[in-house]
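**Q** What follows is structure29.txt; its format and atoms are compact mmCIF, C-alpha atoms.
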# COMPACT_ATOMS: atom_id res chain seq x y z
CA MET A 1 149.81 34.74 -1.97
CA ASN A 2 149.61 38.14 -3.67
CA ALA A 3 152.26 39.53 -5.99
CA GLY A 4 153.47 42.19 -3.57
CA LEU A 5 153.98 39.72 -0.77
CA THR A 6 155.86 37.33 -3.07
CA ALA A 7 158.06 40.15 -4.37
CA ARG A 8 158.94 41.24 -0.85
CA LEU A 9 159.79 37.69 0.23
CA ASP A 10 162.21 37.61 -2.70
CA ARG A 11 163.87 40.77 -1.36
CA ILE A 12 164.73 39.10 1.97
CA SER A 13 165.93 35.78 0.53
CA THR A 14 167.83 34.18 -2.34
CA GLY A 15 166.18 31.32 -4.18
CA GLY A 16 164.01 30.49 -1.18
CA ARG A 17 166.98 30.41 1.19
CA TYR A 18 167.33 32.93 4.01
CA LEU A 19 170.34 34.51 5.68
CA VAL A 20 168.84 37.15 7.94
CA VAL A 21 170.91 39.00 10.53
CA PRO A 22 168.74 40.35 13.37
CA MET A 23 170.24 43.40 15.07
CA ASP A 24 167.30 44.40 17.26
CA HIS A 25 169.27 43.54 20.40
CA GLY A 26 169.77 47.22 21.27
CA ILE A 27 166.45 47.07 23.11
CA THR A 28 167.10 43.71 24.74
CA LEU A 29 170.78 44.03 25.64
CA GLY A 30 171.67 47.68 25.08
CA PRO A 31 174.50 49.09 22.93
CA VAL A 32 176.63 45.94 22.83
CA LYS A 33 179.57 45.13 20.57
CA GLY A 34 178.55 45.25 16.92
CA LEU A 35 175.62 47.60 17.51
CA VAL A 36 177.44 50.75 18.60
CA GLY A 37 178.84 51.24 15.11
CA LEU A 38 175.71 49.84 13.49
CA GLU A 39 176.44 51.33 10.08
CA SER A 40 179.76 49.56 9.57
CA THR A 41 178.36 46.26 10.84
CA VAL A 42 175.43 46.41 8.42
CA ASP A 43 177.84 47.17 5.58
CA SER A 44 180.09 44.23 6.50
CA ILE A 45 177.39 41.59 6.82
CA THR A 46 175.57 42.56 3.64
CA ARG A 47 178.83 42.55 1.71
CA GLY A 48 179.44 39.11 3.20
CA GLY A 49 176.25 37.65 1.77
CA ALA A 50 173.39 38.37 4.16
CA ASP A 51 170.03 38.52 2.41
CA ALA A 52 168.44 40.89 4.93
CA VAL A 53 169.04 42.88 8.08
CA LEU A 54 166.48 43.12 10.88
CA THR A 55 166.21 45.99 13.38
CA GLN A 56 163.71 48.02 15.34
CA LYS A 57 162.13 50.93 13.46
CA GLY A 58 164.08 53.77 15.06
CA VAL A 59 167.45 52.83 13.59
CA ALA A 60 166.16 52.44 10.03
CA PRO A 61 168.00 55.60 8.86
CA ARG A 62 171.27 53.99 10.00
CA VAL A 63 170.53 50.83 8.03
CA HIS A 64 169.40 51.96 4.58
CA GLY A 65 172.54 53.72 3.42
CA ASN A 66 174.69 50.75 4.39
CA LYS A 67 172.79 47.61 3.40
CA ASN A 68 174.16 47.34 -0.15
CA GLY A 69 170.77 46.77 -1.76
CA LYS A 70 169.80 43.88 0.54
CA GLY A 71 166.46 43.37 2.27
CA TYR A 72 165.23 45.06 5.44
CA ILE A 73 162.92 43.70 8.15
CA VAL A 74 161.45 45.73 11.01
CA HIS A 75 160.84 43.93 14.29
CA LEU A 76 157.62 44.89 16.06
CA ASN A 77 157.98 43.83 19.69
CA GLY A 78 160.61 43.61 22.39
CA SER A 79 161.68 43.43 26.02
CA THR A 80 164.85 44.04 28.05
CA VAL A 81 167.14 41.91 30.18
CA ILE A 82 166.81 44.42 33.02
CA GLY A 83 163.01 44.48 33.02
CA PRO A 84 160.73 42.32 35.17
CA ASP A 85 160.23 39.55 32.59
CA GLU A 86 162.24 39.17 29.39
CA GLU A 87 159.63 36.78 27.97
CA ASP A 88 156.98 39.52 28.09
CA LYS A 89 157.51 40.94 24.59
CA ARG A 90 155.53 44.16 24.06
CA ARG A 91 154.54 45.89 20.82
CA THR A 92 157.06 48.48 19.65
CA GLY A 93 155.53 49.45 16.34
CA SER A 94 152.93 48.80 13.66
CA VAL A 95 153.00 47.42 10.12
CA GLU A 96 152.30 50.92 8.82
CA GLU A 97 155.28 52.33 10.73
CA ALA A 98 157.46 49.54 9.36
CA LEU A 99 156.41 50.45 5.82
CA ARG A 100 157.24 54.10 6.47
CA ALA A 101 160.65 52.94 7.72
CA GLY A 102 161.26 51.21 4.38
CA ALA A 103 160.68 47.61 5.49
CA ASP A 104 160.32 44.71 3.07
CA ALA A 105 158.88 42.54 5.85
CA VAL A 106 158.01 42.61 9.54
CA SER A 107 158.81 40.23 12.38
CA PHE A 108 157.20 39.39 15.71
CA HIS A 109 158.40 37.28 18.65
CA ILE A 110 156.20 34.84 20.59
CA ASN A 111 157.12 32.57 23.50
CA ILE A 112 155.10 29.36 23.48
CA GLY A 113 154.69 28.03 27.01
CA SER A 114 155.25 31.37 28.74
CA ASP A 115 152.73 33.20 30.89
CA HIS A 116 152.39 35.68 28.02
CA GLU A 117 151.55 33.14 25.33
CA PRO A 118 147.79 33.98 25.11
CA ASP A 119 148.36 37.68 24.44
CA GLN A 120 151.22 36.98 22.03
CA LEU A 121 149.12 34.52 20.02
CA THR A 122 146.36 37.09 19.67
CA GLU A 123 148.80 39.80 18.65
CA LEU A 124 150.51 37.62 16.03
CA GLY A 125 147.15 36.66 14.54
CA ASP A 126 146.15 40.31 14.31
CA LEU A 127 149.52 41.29 12.88
CA THR A 128 149.43 38.75 10.05
CA GLU A 129 145.99 39.95 9.01
CA THR A 130 147.12 43.57 8.83
CA ALA A 131 150.41 42.75 7.13
CA HIS A 132 148.87 40.53 4.46
CA ARG A 133 146.20 43.12 3.70
CA LEU A 134 149.12 45.42 2.83
CA GLY A 135 151.15 42.74 1.03
CA ILE A 136 153.86 42.53 3.72
CA PRO A 137 155.46 39.20 4.73
CA VAL A 138 155.65 38.21 8.40
CA LEU A 139 158.60 36.44 9.99
CA ALA A 140 157.37 34.83 13.24
CA MET A 141 160.05 34.25 15.85
CA SER A 142 158.33 31.35 17.59
CA TYR A 143 160.19 29.90 20.55
CA ALA A 144 159.36 27.26 23.17
CA ARG A 145 160.04 29.22 26.35
CA GLY A 146 158.39 29.27 29.72
CA PRO A 147 158.25 27.60 33.13
CA GLY A 148 159.27 23.96 32.83
CA VAL A 149 159.74 24.18 29.04
CA ASP A 150 162.90 22.80 27.43
CA GLU A 151 163.54 25.39 24.72
CA HIS A 152 165.58 22.93 22.64
CA ASP A 153 163.12 20.03 22.79
CA ALA A 154 162.19 19.02 19.23
CA GLU A 155 158.55 18.30 20.02
CA SER A 156 158.10 21.68 21.69
CA LEU A 157 159.84 23.41 18.80
CA ALA A 158 157.67 21.52 16.31
CA HIS A 159 154.59 22.81 18.13
CA ALA A 160 156.00 26.35 18.10
CA VAL A 161 156.66 26.42 14.35
CA ARG A 162 153.27 24.90 13.57
CA ILE A 163 151.59 27.65 15.58
CA ALA A 164 153.32 30.24 13.40
CA GLU A 165 151.86 28.64 10.29
CA GLU A 166 148.41 28.30 11.84
CA LEU A 167 148.42 32.04 12.64
CA GLY A 168 149.39 33.06 9.11
CA ALA A 169 153.14 33.74 9.23
CA ASP A 170 155.20 33.40 6.05
CA VAL A 171 158.55 32.39 7.55
CA VAL A 172 159.24 30.99 11.02
CA LYS A 173 162.34 31.27 13.17
CA THR A 174 162.99 29.01 16.13
CA ALA A 175 165.80 27.56 18.23
CA TYR A 176 167.92 24.68 16.99
CA SER A 177 167.29 21.38 18.76
CA GLY A 178 170.99 20.48 18.74
CA ASP A 179 171.28 17.91 15.95
CA ALA A 180 169.97 17.28 12.45
CA ASP A 181 168.02 14.13 13.31
CA SER A 182 165.84 15.80 15.94
CA PHE A 183 165.49 19.04 13.98
CA GLU A 184 164.05 17.12 11.05
CA ARG A 185 160.93 16.67 13.18
CA VAL A 186 160.70 20.47 13.58
CA CYS A 187 160.98 21.13 9.83
CA GLU A 188 158.40 18.45 9.05
CA ALA A 189 155.87 20.12 11.36
CA THR A 190 155.19 23.01 8.96
CA ARG A 191 155.23 23.92 5.29
CA LEU A 192 156.71 27.32 6.14
CA PRO A 193 160.40 28.00 5.55
CA VAL A 194 162.10 27.31 8.90
CA VAL A 195 165.14 29.36 9.91
CA ILE A 196 167.19 28.82 13.03
CA ALA A 197 168.31 31.27 15.66
CA GLY A 198 172.03 31.53 16.37
CA GLY A 199 171.85 31.89 20.14
CA SER A 200 174.99 32.75 22.09
CA ARG A 201 178.27 32.89 20.19
CA GLY A 202 180.26 29.70 19.76
CA THR A 203 183.43 29.00 17.80
CA ASP A 204 183.41 29.43 14.03
CA ARG A 205 183.34 25.65 13.60
CA GLU A 206 180.42 25.29 16.03
CA THR A 207 178.49 27.96 14.15
CA ALA A 208 179.17 26.28 10.80
CA GLU A 209 178.28 22.84 12.16
CA MET A 210 175.00 24.11 13.56
CA VAL A 211 174.01 25.73 10.26
CA ARG A 212 175.03 22.64 8.27
CA GLY A 213 173.00 20.41 10.60
CA ALA A 214 169.91 22.60 10.31
CA MET A 215 170.12 22.68 6.52
CA ASP A 216 170.58 18.90 6.39
CA ALA A 217 167.40 18.60 8.47
CA GLY A 218 165.38 20.62 5.97
CA ALA A 219 165.75 24.18 7.25
CA SER A 220 165.67 27.09 4.79
CA GLY A 221 168.37 29.17 6.46
CA VAL A 222 169.15 31.18 9.55
CA SER A 223 168.17 34.32 11.39
CA MET A 224 171.44 34.66 13.26
CA GLY A 225 172.34 37.71 15.32
CA ARG A 226 175.12 37.72 17.90
CA SER A 227 177.12 34.92 16.28
CA ILE A 228 177.48 37.23 13.29
CA PHE A 229 177.30 40.86 14.39
CA GLN A 230 179.53 40.35 17.46
CA HIS A 231 182.14 38.37 15.54
CA ASP A 232 185.58 39.96 15.22
CA ASP A 233 185.13 39.74 11.44
CA PRO A 234 181.38 39.95 10.68
CA GLU A 235 181.94 39.84 6.93
CA ALA A 236 184.00 36.66 7.13
CA ILE A 237 181.56 34.74 9.34
CA THR A 238 178.69 35.88 7.11
CA ARG A 239 180.55 34.49 4.08
CA THR A 240 180.98 31.22 5.97
CA VAL A 241 177.29 30.92 6.81
CA SER A 242 176.29 32.05 3.32
CA ALA A 243 178.43 29.32 1.73
CA ILE A 244 176.42 26.67 3.57
CA ILE A 245 173.00 28.23 2.95
CA HIS A 246 173.44 29.44 -0.60
CA ASP A 247 176.16 27.16 -2.00
CA ASP A 248 175.47 23.95 -0.02
CA ALA A 249 179.07 23.90 1.24
CA ASP A 250 180.23 21.49 3.93
CA VAL A 251 181.75 22.83 7.14
CA ASP A 252 185.37 22.88 6.00
CA GLU A 253 184.48 24.41 2.63
CA ALA A 254 182.40 27.08 4.34
CA VAL A 255 185.12 28.07 6.81
CA GLU A 256 187.58 28.24 3.93
CA ALA A 257 185.15 30.38 1.93
CA GLY A 258 184.99 32.79 4.85
CA GLY A 259 188.77 32.89 5.19
CA LEU A 260 188.54 31.75 8.79
CA GLY A 261 190.86 29.39 10.66
CA LEU A 262 189.34 26.19 12.02
CA GLU A 263 188.84 26.57 15.77
CA ALA A 264 188.62 23.64 18.13
Any chance you could give the structure as structure tokens?

**A**
Amino acid sequence: MNAGLTARLDRISTGGRYLVVPMDHGITLGPVKGLVGLESTVDSITRGGADAVLTQKGVAPRVHGNKNGKGYIVHLNGSTVIGPDEEDKRRTGSVEEALRAGADAVSFHINIGSDHEPDQLTELGDLTETAHRLGIPVLAMSYARGPGVDEHDAESLAHAVRIAEELGADVVKTAYSGDADSFERVCEATRLPVVIAGGSRGTDRETAEMVRGAMDAGASGVSMGRSIFQHDDPEAITRTVSAIIHDDADVDEAVEAGGLGLEA
């Protein structure tokens, strides 16, 4: 691993732990809550303890002035919920464009088990080669998704994260299998840092319990979007998640650190 790549990984993490907040959902979902006033949301979550923010390249000018010195990741593919196939992620930019947008790293989404898996594998392999030649880390969002695939099955998720390592990624994001015991199998499948997706919003306690379970299983953090940026208090929920990831807090300690009430 070259010095530039190592330095940039340090910019998107703290001590090898990751709290990334992806906010690229403007392509997928449109201008939903938390993304209309992108600037204030970025300010809140980075003040709350996020290590990095992730967006598509076009909104980079709205990110930089509000990220409080934290890291920035540019996502390089996407799809929409109103298109013909949400699993068909298409390229939206290049590593060079991400660098011009001020990125410390790039990310790319693949769906293992989908009809589009072959093309996505090829594209991720090509992307890691280009990125590493330029000293840029790659976060692979590697999911088990497709016809007949259980996207929370630990064996399928283990396969998905191993593919990310085999293709040269530096960090891998995947879904949570639902409990620490089964997710341990996922973390053991790769030497890459594994971070979990947040999925749809739950209660504050459910979010904290999920993060605590993933960390207990050997995960290195989260890449959590809607559960954070659509929260009524993005800074508070970020502080809660950060307490678990960066301070090894238990669920009650983390919710207290965030100043949140315990929800049923």

**Q** Could you tell me which of A:Ala144, A:Met23, A:Met1, A:Val81 comes closest to Ala160 (chain A) if we count all atoms listed in the file?

**A**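 When distances to Ala160 (chain A) are compared using all atoms listed in the file, the smallest one comes from A:Ala144.
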
**Q** Which residue is closest to His25 (chain A)? Choose from A:Asn2, A:Asn66, A:Thr41, A:Thr80 and count only C-alpha atoms.

**A**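 Looking at the shortest contact to His25 (chain A), the residue is A:Thr80.
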
**Q** Can you work out the spacing between CA of Pro137 (chain A) and CA of Leu9 (chain A) in Å, to one decimal?

**A** 6.4 Å

**Q** Nearest to Arg212 (chain A) among A:Ser200, A:Ser94, A:Gln56, A:Ser242, with distances taken over only C-alpha atoms: which residue is it?

**A** A:Ser242

**Q** With all atoms listed in the file as the basis for distance, which of A:Asp85, A:Asp170, A:Asp119, A:Glu39 is at the shortest distance from Arg8 (chain A)?

**A**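 Smallest distance to Arg8 (chain A) is found for A:Asp170.
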
**Q** For a quick check of understanding, using all atoms listed in the file, which of A:Thr130, A:Ser44, A:Thr28, A:Thr14 has the smallest distance to Pro234 (chain A)?

**A**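 Of all the options, A:Ser44 lies closest to Pro234 (chain A).
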
**Q** Can you work out which one of A:Ile136, A:Ala217, A:Met210, A:Ala180 has the shortest atom-to-atom distance to Leu5 (chain A), counting only C-alpha atoms?

**A**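 For Leu5 (chain A), the nearest of the candidates is A:Ile136.
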
**Q** Go ahead and find all residues with at least one atom no further than 10 Å from (152.6, 26.1, 27.4) in the file's coordinates, using only C-alpha atoms; report them as a PyMOL selection string.

**A** chain A and resi 111-118+144-149+156+160

**Q** Selected residues, C-alpha atoms, written as an mmCIF file, in the coordinates of the input, please.

**A**
data_model
loop_
_atom_site.group_PDB
_atom_site.id
_atom_site.type_symbol
_atom_site.label_atom_id
_atom_site.label_comp_id
_atom_site.auth_asym_id
_atom_site.auth_seq_id
_atom_site.Cartn_x
_atom_site.Cartn_y
_atom_site.Cartn_z
ATOM 1 C CA ASN A 111 157.120 32.570 23.500
ATOM 2 C CA ILE A 112 155.100 29.360 23.480
ATOM 3 C CA GLY A 113 154.690 28.030 27.010
ATOM 4 C CA SER A 114 155.250 31.370 28.740
ATOM 5 C CA ASP A 115 152.730 33.200 30.890
ATOM 6 C CA HIS A 116 152.390 35.680 28.020
ATOM 7 C CA GLU A 117 151.550 33.140 25.330
ATOM 8 C CA PRO A 118 147.790 33.980 25.110
ATOM 9 C CA ALA A 144 159.360 27.260 23.170
ATOM 10 C CA ARG A 145 160.040 29.220 26.350
ATOM 11 C CA GLY A 146 158.390 29.270 29.720
ATOM 12 C CA PRO A 147 158.250 27.600 33.130
ATOM 13 C CA GLY A 148 159.270 23.960 32.830
ATOM 14 C CA VAL A 149 159.740 24.180 29.040
ATOM 15 C CA SER A 156 158.100 21.680 21.690
ATOM 16 C CA ALA A 160 156.000 26.350 18.100
#

**Q** What is the distance, in Å and to one decimal place, between CA of Thr203 (chain A) and CA of Ser227 (chain A)?

**A**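 Separation between CA of Thr203 (chain A) and CA of Ser227 (chain A): 8.8 Å.
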
**Q** To one decimal place, how far is CA of Val138 (chain A) from CA of Gly93 (chain A) in Å?

**A**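 It comes out at 13.8 Å.
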
**Q** Here's a test: counting all atoms listed in the file, identify every protein, DNA and RNA residue with an atom at most 10 Å from (155.7, 25.9, 4.8) in the file's coordinate frame, and state them as a ChimeraX atom specification.

**A** /A:161-162,164-165,169-172,187-194

**Q** Hey, what's within 10 Å of Gly221 (chain A) if we count only C-alpha atoms and toss same-chain stuff fewer than 5 positions away? As a PyMOL selection string, please?

**A** chain A and resi 13+16-20+173+193-197+211-212+214-215+241-242+244-246

**Q** How big is the axis-aligned box around the listed atoms of region 44-47 of chain A once 6 Å is added on each side, and where is its centre? Give both in Å to one decimal, as lines of an AutoDock Vina configuration file.

**A**
center_x = 177.8
center_y = 42.9
center_z = 4.3
size_x = 16.5
size_y = 14.6
size_z = 17.1

**Q** Do a neighbour search on His152 (chain A) at 10 Å with all atoms listed in the file, toss out local chain neighbours closer than 4 positions, and write the hits as a count of residues only.

**A** 12

**Q** As a list in words, please: the residues near Ala208 (chain A) (cut-off 9 Å, only C-alpha atoms, same-chain neighbours under 6 positions excluded).

**A**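 The neighbour list is Ile237, Thr240, Val241, Ile244, Asp250, Val251, Asp252, Ala254 and Val255 of chain A.
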
**Q** May I have the selected residues written with C-alpha atoms, as a short mmCIF file (atom, residue, chain, number, x, y, z; two decimals), in the coordinates of the input?

**A**
data_model
loop_
_atom_site.label_atom_id
_atom_site.label_comp_id
_atom_site.auth_asym_id
_atom_site.auth_seq_id
_atom_site.Cartn_x
_atom_site.Cartn_y
_atom_site.Cartn_z
CA ILE A 237 181.56 34.74 9.34
CA THR A 240 180.98 31.22 5.97
CA VAL A 241 177.29 30.92 6.81
CA ILE A 244 176.42 26.67 3.57
CA ASP A 250 180.23 21.49 3.93
CA VAL A 251 181.75 22.83 7.14
CA ASP A 252 185.37 22.88 6.00
CA ALA A 254 182.40 27.08 4.34
CA VAL A 255 185.12 28.07 6.81
#

**Q** Could you give me, as a ChimeraX atom specification, the residues within 8 Å of Arg90 (chain A), counting all atoms listed in the file and dropping anything in the same chain fewer than 5 positions from it?

**A** /A:77-79
